[in-house]
$ cat model.cif   # mmCIF, C-alpha atoms
data_data
loop_
_atom_site.group_PDB
_atom_site.id
_atom_site.type_symbol
_atom_site.label_atom_id
_atom_site.label_comp_id
_atom_site.auth_asym_id
_atom_site.auth_seq_id
_atom_site.Cartn_x
_atom_site.Cartn_y
_atom_site.Cartn_z
ATOM 1 C CA MET A 1012 -32.076 17.499 30.646
ATOM 2 C CA HIS A 1013 -30.425 18.536 33.870
ATOM 3 C CA PRO A 1014 -33.037 20.736 35.604
ATOM 4 C CA LYS A 1015 -30.576 23.425 36.671
ATOM 5 C CA ASN A 1016 -28.533 24.026 33.521
ATOM 6 C CA ASN A 1017 -30.349 22.156 30.717
ATOM 7 C CA ILE A 1018 -27.379 19.876 30.056
ATOM 8 C CA PRO A 1019 -28.553 16.569 28.540
ATOM 9 C CA THR A 1020 -28.753 13.726 31.054
ATOM 10 C CA SER A 1021 -29.056 10.004 30.531
ATOM 11 C CA SER A 1022 -32.035 7.952 31.696
ATOM 12 C CA SER A 1023 -30.068 7.159 34.875
ATOM 13 C CA GLY A 1024 -29.820 10.888 35.604
ATOM 14 C CA THR A 1025 -26.094 11.215 34.991
ATOM 15 C CA VAL A 1026 -24.833 14.185 33.013
ATOM 16 C CA GLU A 1027 -23.770 13.421 29.447
ATOM 17 C CA ILE A 1028 -20.565 15.279 28.629
ATOM 18 C CA LYS A 1029 -19.683 15.910 25.008
ATOM 19 C CA THR A 1030 -15.992 16.446 24.353
ATOM 20 C CA MET A 1031 -15.168 18.854 21.556
ATOM 21 C CA ARG A 1032 -11.851 19.896 20.044
ATOM 22 C CA TYR A 1033 -11.090 23.505 19.055
ATOM 23 C CA THR A 1034 -8.153 25.127 17.311
ATOM 24 C CA VAL A 1035 -6.535 27.729 19.584
ATOM 25 C CA VAL A 1036 -4.241 30.461 18.258
ATOM 26 C CA LEU A 1037 -1.530 31.640 20.675
ATOM 27 C CA GLU A 1038 0.396 34.880 20.294
ATOM 28 C CA SER A 1039 3.327 35.706 22.551
ATOM 29 C CA SER A 1040 4.260 39.221 23.622
ATOM 30 C CA GLU A 1041 6.234 40.921 26.364
ATOM 31 C CA GLU A 1042 3.142 40.716 28.611
ATOM 32 C CA GLY A 1043 2.622 36.955 28.145
ATOM 33 C CA TYR A 1044 0.370 35.008 25.810
ATOM 34 C CA ALA A 1045 -2.927 35.870 24.133
ATOM 35 C CA ALA A 1046 -5.207 33.011 23.097
ATOM 36 C CA SER A 1047 -8.152 33.031 20.706
ATOM 37 C CA VAL A 1048 -10.446 30.475 19.108
ATOM 38 C CA PRO A 1049 -11.084 31.160 15.397
ATOM 39 C CA GLY A 1050 -14.155 28.899 15.428
ATOM 40 C CA LEU A 1051 -15.774 30.876 18.270
ATOM 41 C CA PRO A 1052 -15.841 34.579 17.329
ATOM 42 C CA GLY A 1053 -15.029 36.805 20.289
ATOM 43 C CA CYS A 1054 -13.638 33.970 22.412
ATOM 44 C CA HIS A 1055 -10.306 35.274 23.710
ATOM 45 C CA SER A 1056 -8.178 34.994 26.835
ATOM 46 C CA GLN A 1057 -4.619 35.492 28.007
ATOM 47 C CA GLY A 1058 -2.040 34.321 30.516
ATOM 48 C CA ASN A 1059 1.455 35.021 31.774
ATOM 49 C CA THR A 1060 2.636 31.651 30.409
ATOM 50 C CA GLU A 1061 1.522 29.469 27.511
ATOM 51 C CA GLN A 1062 0.151 26.918 29.989
ATOM 52 C CA GLU A 1063 -1.843 29.585 31.856
ATOM 53 C CA ALA A 1064 -3.205 30.993 28.586
ATOM 54 C CA LEU A 1065 -4.330 27.507 27.502
ATOM 55 C CA LYS A 1066 -6.067 26.892 30.831
ATOM 56 C CA ASN A 1067 -7.725 30.314 30.666
ATOM 57 C CA ILE A 1068 -8.909 29.812 27.073
ATOM 58 C CA SER A 1069 -10.318 26.431 28.081
ATOM 59 C CA ASP A 1070 -12.367 28.201 30.770
ATOM 60 C CA ALA A 1071 -13.371 30.887 28.250
ATOM 61 C CA ILE A 1072 -14.549 28.231 25.766
ATOM 62 C CA TYR A 1073 -16.700 26.632 28.471
ATOM 63 C CA GLU A 1074 -18.248 29.996 29.391
ATOM 64 C CA TYR A 1075 -18.761 30.872 25.698
ATOM 65 C CA LEU A 1076 -20.582 27.608 25.051
ATOM 66 C CA GLU A 1077 -22.652 28.022 28.224
ATOM 67 C CA ALA A 1078 -23.756 31.468 26.980
ATOM 68 C CA VAL A 1079 -24.668 29.975 23.584
ATOM 69 C CA ARG A 1080 -26.624 27.217 25.345
ATOM 70 C CA GLU A 1081 -28.575 29.827 27.327
ATOM 71 C CA LEU A 1082 -29.257 31.900 24.189
ATOM 72 C CA THR A 1083 -30.553 28.881 22.268
ATOM 73 C CA ASN A 1084 -32.600 27.463 25.145
ATOM 74 C CA HIS A 1085 -36.175 26.675 24.021
ATOM 75 C CA ARG A 1086 -35.291 27.194 20.352
ATOM 76 C CA ILE A 1087 -35.076 24.646 17.590
ATOM 77 C CA VAL A 1088 -31.432 23.606 17.293
ATOM 78 C CA ARG A 1089 -30.019 21.060 14.850
ATOM 79 C CA GLU A 1090 -26.533 19.686 14.282
ATOM 80 C CA ILE A 1091 -25.367 19.309 10.707
ATOM 81 C CA GLU A 1092 -22.250 17.780 9.251
ATOM 82 C CA VAL A 1093 -20.282 19.596 6.561
ATOM 83 C CA GLY A 1094 -17.319 18.173 4.669
ATOM 84 C CA VAL A 1095 -14.406 20.466 3.887
#

$ encode --input "model.cif" --output "structure tokens"
Amino acid sequence: MHPKNNIPTSSSGTVEIKTMRYTVVLESSEEGYAASVPGLPGCHSQGNTEQEALKNISDAIYEYLEAVRELTNHRIVREIEVGV
């Protein structure tokens, strides 16, 4: 684990990055675009353009997952696979 942020590291000390894919819902309005992630309740952002909204939601997803990581630190966490 990385000592500062508890991100898994390899034996060589490099940070292991896990890429994940999320569905993002965009809604356009007169003010711009709102973005939300159905798989991450409460994860929302916005932007003046679609591109800005997508960049902002990407940042929001990172921050959301960082908060989850902090909340689950020192707890038993397991990954499971579910077929749908």

$ resolve_selection --input "model.cif" --expression "the PyMOL selection byres ((chain A and resi 1068-1074) around 7)" --output "number ranges by chain"
A: 1046, 1054-1056, 1064-1067, 1075-1078

$ atom_distance --input "model.cif" --atom1 "atom CA of A:Asn1084" --atom2 "atom CA of A:Val1036"
29.3 Å

$ residues_around --input "model.cif" --residues "stretch 1037-1042 of chain A" --least-positions-apart "5" --cutoff "9 Å" --atoms "all atoms listed in the file" --output "ChimeraX atom specification"
/A:1047,1057-1061,1064-1065

$ resolve_selection --input "model.cif" --expression "the PyMOL selection byres ((chain A and resi 1030-1034) around 7)" --output "PyMOL selection string"
chain A and resi 1028-1029+1035-1036+1048-1049

$ atom_distance --input "model.cif" --atom1 "atom CA of A:Glu1090" --atom2 "atom CA of A:Gly1053"
21.5 Å

$ atom_distance --input "model.cif" --atom1 "atom CA of A:Gly1050" --atom2 "atom CA of A:Arg1086"
21.8 Å
